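K.L.:
Quick one: this structure, given as structure tokens, is what I'll be asking you about.
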Amino acid sequence: MTPAYLLNKIKVFHQSQCNLDIPHLVIEPNQCVAILGDNGAGKSTLLNLLAYLSKPDEGELSLMGQQSKPRLSTLQRRSIGYVSQQPFLLTGSLYNNVALALKLQGISSSQRPKLTDRALQQVNLTHLASKPAYTLSGGELKRAAIARAIAHEPQILLLDEPFSHLDQSHIQHLELIIEDLAYQSGKTVIFSTHDRLQGVALADTTINLIKGQITKSPLLNVFQGQLDDRIFNTGKLCIYTSGQLLKANHVAIDPHEIIISTSVLDSSMRNHFSGRLTTISEEAGTIHLTIDCKERFYAIISIESLQSLNLSIGDNLCLSFKSTALTLF
Amino acid sequence: MSFFADSFSAAIDLITTFDPALYQVVFNSVSISLMAATTAGVLAIPAGILMALNQFLGKQLVQNILNTLMALPTVLIGLLLYGLFSRLGPLGHLELLYTPSAIIIAQALLIFPIMMNLAIAAVTTADPRLVPTLISLGAKPLALVIQVAKQTRFIMLAAVITGFGRAIGEVGAAMMVGGNIEGYTRTMTTAIALETGKGEFEVGLALGLLLLLIAFLVNFILSWLQQEYR
């Protein structure tokens, strides 16, 4: 299958400092991909590249198997829908904004009303169609920007921090829209977020960025420390590693690989810690737990597991993981 | 004191009785400057948007030249155009000298750098998300210029009005290339200079008051547009 994007030896510099350095990256089509990382990790830089709003200083980027050119063809441009971190709506009503986007994409005037209505319906904003764009609230504005980006039915949808500055109800609403676009409509949805748990929960795959570089770590349960003779010492905990590296300053544990139990398990797993359950939350059909074992661990379990373990805040729990579940860097 | 008061009273009379000769000059002046502002606007606004949107070698030099041209003395424009349009000049065959067209060209040249600079400022001070948003929505170069102009239309209109205000108030170039021909190329400013020289102070004062009224209207529209834009 032709990848949605193929990045090769990509480098982006800002004032002689390398902001993004990706030796090789393939983004498969029809996937929901989360770009995770802290502020300044390079998430927006990468999304701007994928949206063809900026060019890499080095390397090659290909879209749907076609090498990038200085300007995208009409068809290539139509294959991408992009929503920036702080979307900007043009003057006029919400309906006008969506209709103008279709006009700019070269969609015929006879098709525009139908596509505009459909896009507004997809994001539940039909009732606000005639409202001036500047009167929309933060959550409505993000949904309006998504409607504008999906109206021409692109194959790829890029969303830069879609959940930032939104309250919980708007976040849940947006999550449903993204899930619908990714899993029902079969689009390639690529979104960035600094909320790693949310990203892991929503996406099929994650791209984890640290200071402009991709790491295999899911960037959850990342601890600083020193590696000495296969044992990674965080200063508070000692974690057994499989010895894949001799030197590392960070360790990350995939939250999916952490086994939660109410008593110590008799198993081949080398790492066992006990601690207090501090938070329980639901995200996109999965349960997220935070357990304080001197270091704070995040774990993801199913709703069925939560029910069978009968967990509540303050419970003492055991968490276990294999040394092979670690990523050292 | 009685001379000034009598002249002022006579000037008010000329204005309120709608003296045909006086209003002919006003009509000439307004129509010439409107044409100049429209011509310059049609060229300067797209040029300003294009310059603001694109990076090219020598952009700073062009910007410096534009800034210099904003302070260009009007008589110098008149002098250069006189040389070009005079019978022996390279464009003498066009027979533009002492025609309203010559004044329109002179005024358009005078206000072009002002309008272009205002258009550049309109784009560079617009919301930084505007251009990336339009590009991400699929705007091609021509559509991008049109949409940027639409989104900043109040500032662009303000640029045209500012240009009109500058054009209607200039005297040097209009005098040199227009020739101050009655009923043809006589504008308010050239008429004020002529009538005052002839001792017809009240006519000059009446035209001066009308020019002031036009300047007030221009400023009123400008401040209204600025409030609308906010």
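Ordering of the structure tokens sets the chain letters (A, B, ...), residue numbers begin anew at 1 in every chain, and ligands are numbered from 1 in the order given.
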For the interface of chain B with chain A (cut-off 8 Å, counting only C-alpha atoms), please tabulate each contacting residue of chain B alongside its nearest pair of atoms and their separation in Å to one decimal, rows sorted by chain and increasing number, as a Markdown table.
P.N.:
| residue | atom | partner | partner_atom | distance |
| --- | --- | --- | --- | --- |
| B:Arg129 | CA | A:Phe88 | CA | 6.1 |
| B:Leu130 | CA | A:Phe88 | CA | 6.7 |
| B:Pro132 | CA | A:Leu53 | CA | 6.7 |
| B:Thr133 | CA | A:Phe88 | CA | 6.7 |
| B:Ile135 | CA | A:Leu53 | CA | 7.3 |
| B:Ser136 | CA | A:Tyr82 | CA | 6.3 |
| B:Leu137 | CA | A:Ala101 | CA | 5.5 |
| B:Gly138 | CA | A:Gln105 | CA | 5.1 |
| B:Ala139 | CA | A:Leu104 | CA | 5.1 |
| B:Lys140 | CA | A:Leu104 | CA | 7.6 |
| B:Ala143 | CA | A:Leu104 | CA | 7.3 |
| B:Gln151 | CA | A:Thr91 | CA | 6.8 |
K.L.:
Name the residues of range 46-204 of chain A that come out as strand (DSSP E) in a backbone DSSP run; write them as a VMD selection string.
P.N.:
chain A and resid 58 to 63 66 to 67 80 to 83 156 to 159 188 to 193
K.L.:
Using only C-alpha atoms, which of B:Gly78, B:Met156, B:Asn219, B:Glu202 sits nearest Met176 in chain B?
P.N.:
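Ranking B:Gly78, B:Met156, B:Asn219, B:Glu202 by distance to Met176 in chain B, first place goes to B:Gly78.
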K.L.:
Quick one: residues within 12 Å of Leu166 in chain A, only C-alpha atoms counted, chain neighbours fewer than 3 positions away excluded, as JSON, numbers by chain?
P.N.:
{"A": [85, 86, 137, 138, 139, 140, 141, 142, 143, 161, 162, 163, 169, 170, 171, 172, 173, 174, 175]}
K.L.:
Name the residues in contact with range 231-248 of chain A at a cut-off of 7 Å, using only C-alpha atoms, excluding same-chain residues fewer than 3 positions from it; report them as a VMD selection string.
P.N.:
chain A and resid 223 to 228 270 to 271 294 to 295 323 to 324 326 328 to 329
K.L.:
In range 7-173 of chain B, what's alpha helix (DSSP H) per DSSP? Answer as a PyMOL selection string?
P.N.:
chain B and resi 7-16+20-53+59-70+74-85+100-124+130-136+141-151+153-168+172-173
K.L.:
Quick one: residues within 10 Å of range 60-69 of chain A, only C-alpha atoms, excluding same-chain residues fewer than 4 positions away - as number ranges by chain?
P.N.:
A: 1-11, 24-29, 49-52, 55-56, 73, 76, 79-80, 155-156
K.L.:
Pull C-alpha atoms from the residues just selected and write them as a compact mmCIF listing (two decimals), in the first residue's frame.
P.N.:
# COMPACT_ATOMS: atom_id res chain seq x y z
CA MET A 1 0.00 0.00 0.00
CA THR A 2 1.35 3.45 -0.88
CA PRO A 3 2.18 5.31 2.32
CA ALA A 4 0.34 8.53 3.05
CA TYR A 5 3.67 10.18 3.80
CA LEU A 6 7.27 9.13 3.45
CA LEU A 7 9.93 11.27 5.10
CA ASN A 8 13.58 10.71 4.34
CA LYS A 9 16.52 12.47 6.02
CA ILE A 10 14.33 15.45 6.90
CA LYS A 11 15.92 18.33 8.75
CA HIS A 24 13.16 7.99 8.13
CA LEU A 25 9.44 7.94 8.79
CA VAL A 26 6.56 6.19 7.06
CA ILE A 27 2.97 7.13 7.83
CA GLU A 28 0.60 4.48 6.58
CA PRO A 29 -2.73 5.46 5.05
CA LEU A 49 5.74 20.07 6.84
CA LEU A 50 3.03 17.45 6.34
CA ALA A 51 0.55 20.23 5.45
CA TYR A 52 3.09 21.64 2.98
CA LYS A 55 9.57 23.18 3.42
CA PRO A 56 12.31 21.09 5.00
CA SER A 73 -0.91 20.22 -7.57
CA GLN A 76 -2.49 16.90 -3.99
CA SER A 79 -5.94 15.40 -0.48
CA ILE A 80 -4.97 17.34 2.66
CA GLN A 155 -7.93 11.71 2.36
CA ILE A 156 -5.62 13.11 5.04
K.L.:
Report, in Å with one decimal, the straight-line distance from CA of Asn64 in chain B to CA of Ala173 in chain B.
P.N.:
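Interatomic distance here is 23.3 Å.
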K.L.:
What is the distance between CA of Leu128 in chain A and CA of Ala144 in chain A, in Å to one decimal?
P.N.:
9.5 Å
K.L.:
Report, in Å with one decimal, the straight-line distance from CA of Ile258 in chain A to CA of Ala34 in chain A.
P.N.:
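We find that CA of Ile258 in chain A and CA of Ala34 in chain A lie 20.7 Å from each other.
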K.L.:
For range 111-123 of chain A, work out the shell of residues within 6 Å, counting only C-alpha atoms and skipping chain neighbours fewer than 3 positions away, then give it as a PyMOL selection string.
P.N.:
chain A and resi 98-99+108+126+143+147+151
K.L.:
How about saving the chosen residues, all heavy atoms kept, as a JSON list (two decimals), in the first residue's frame?
P.N.:
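This went into result-v5.json:
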[["chain", "number", "residue", "atom", "x", "y", "z"],
["A", 98, "VAL", "N", -16.92, 27.82, 5.31],
["A", 98, "VAL", "CA", -16.81, 26.47, 4.75],
["A", 98, "VAL", "C", -16.95, 26.52, 3.22],
["A", 98, "VAL", "O", -16.20, 25.89, 2.48],
["A", 98, "VAL", "CB", -17.85, 25.52, 5.38],
["A", 98, "VAL", "CG1", -17.71, 24.12, 4.82],
["A", 98, "VAL", "CG2", -17.69, 25.49, 6.90],
["A", 99, "ALA", "N", -17.93, 27.35, 2.77],
["A", 99, "ALA", "CA", -18.16, 27.45, 1.32],
["A", 99, "ALA", "C", -16.94, 28.05, 0.60],
["A", 99, "ALA", "O", -16.58, 27.62, -0.50],
["A", 99, "ALA", "CB", -19.40, 28.29, 1.06],
["A", 108, "SER", "N", -16.78, 22.84, -7.71],
["A", 108, "SER", "CA", -17.77, 23.58, -8.51],
["A", 108, "SER", "C", -18.88, 24.15, -7.61],
["A", 108, "SER", "O", -19.20, 23.56, -6.57],
["A", 108, "SER", "CB", -18.38, 22.68, -9.57],
["A", 108, "SER", "OG", -19.16, 21.70, -8.95],
["A", 126, "THR", "N", -24.61, 22.62, 12.35],
["A", 126, "THR", "CA", -25.60, 23.08, 11.37],
["A", 126, "THR", "C", -26.41, 24.25, 11.92],
["A", 126, "THR", "O", -26.69, 25.20, 11.21],
["A", 126, "THR", "CB", -26.53, 21.91, 10.98],
["A", 126, "THR", "OG1", -25.70, 20.82, 10.62],
["A", 126, "THR", "CG2", -27.41, 22.26, 9.80],
["A", 143, "ARG", "N", -14.32, 23.15, 15.99],
["A", 143, "ARG", "CA", -15.17, 22.28, 15.18],
["A", 143, "ARG", "C", -15.44, 22.92, 13.82],
["A", 143, "ARG", "O", -15.47, 22.23, 12.79],
["A", 143, "ARG", "CB", -16.47, 21.97, 15.91],
["A", 143, "ARG", "CG", -16.29, 20.85, 16.92],
["A", 143, "ARG", "CD", -17.22, 20.98, 18.09],
["A", 143, "ARG", "NE", -18.63, 20.95, 17.73],
["A", 143, "ARG", "CZ", -19.62, 21.43, 18.47],
["A", 143, "ARG", "NH1", -19.34, 21.99, 19.64],
["A", 143, "ARG", "NH2", -20.86, 21.35, 18.09],
["A", 147, "ALA", "N", -14.68, 21.42, 10.21],
["A", 147, "ALA", "CA", -15.68, 21.36, 9.11],
["A", 147, "ALA", "C", -15.08, 21.94, 7.83],
["A", 147, "ALA", "O", -15.24, 21.39, 6.74],
["A", 147, "ALA", "CB", -16.93, 22.14, 9.51],
["A", 151, "ALA", "N", -14.51, 19.59, 4.50],
["A", 151, "ALA", "CA", -15.62, 19.81, 3.56],
["A", 151, "ALA", "C", -15.32, 19.25, 2.17],
["A", 151, "ALA", "O", -16.20, 18.70, 1.51],
["A", 151, "ALA", "CB", -15.95, 21.29, 3.48]]
K.L.:
Quick one: residues within 10 Å of Ser33 in chain B, only C-alpha atoms, excluding same-chain residues fewer than 3 positions away - as a PyMOL selection string?
P.N.:
chain B and resi 27-30+36-39+100+103-105+107-108+163-170+187
K.L.:
Limited to C-alpha atoms, could you put the picked residues into a file as a short mmCIF file (atom, residue, chain, number, x, y, z; two decimals), in the first residue's frame?
P.N.:
data_model
loop_
_atom_site.label_atom_id
_atom_site.label_comp_id
_atom_site.auth_asym_id
_atom_site.auth_seq_id
_atom_site.Cartn_x
_atom_site.Cartn_y
_atom_site.Cartn_z
CA PHE B 27 -15.90 68.96 -9.54
CA ASN B 28 -12.74 68.94 -11.69
CA SER B 29 -10.52 68.56 -8.68
CA VAL B 30 -12.53 65.76 -7.07
CA ALA B 36 -5.81 59.16 -9.64
CA ALA B 37 -6.63 57.40 -6.37
CA THR B 38 -8.50 54.61 -8.18
CA THR B 39 -5.72 54.12 -10.77
CA PRO B 100 -6.56 66.20 -16.97
CA ILE B 103 -2.64 65.52 -13.69
CA ILE B 104 -4.16 62.08 -13.02
CA ILE B 105 -0.83 60.42 -13.94
CA GLN B 107 -1.14 62.43 -8.79
CA ALA B 108 -1.23 58.64 -9.24
CA GLY B 163 -4.07 58.59 -1.29
CA PHE B 164 -7.11 60.60 -2.41
CA GLY B 165 -6.56 63.08 0.41
CA ARG B 166 -2.91 63.52 -0.57
CA ALA B 167 -3.78 63.86 -4.27
CA ILE B 168 -6.51 66.48 -3.88
CA GLY B 169 -4.26 68.63 -1.72
CA GLU B 170 -1.19 68.71 -3.99
CA THR B 187 -8.09 72.19 -9.71
#
K.L.:
With distances taken over only C-alpha atoms, which residue among A:Ile150, A:Val12, A:Ile300, A:Ile35 lies nearest Asp204 in chain A?
P.N.:
A:Ile35
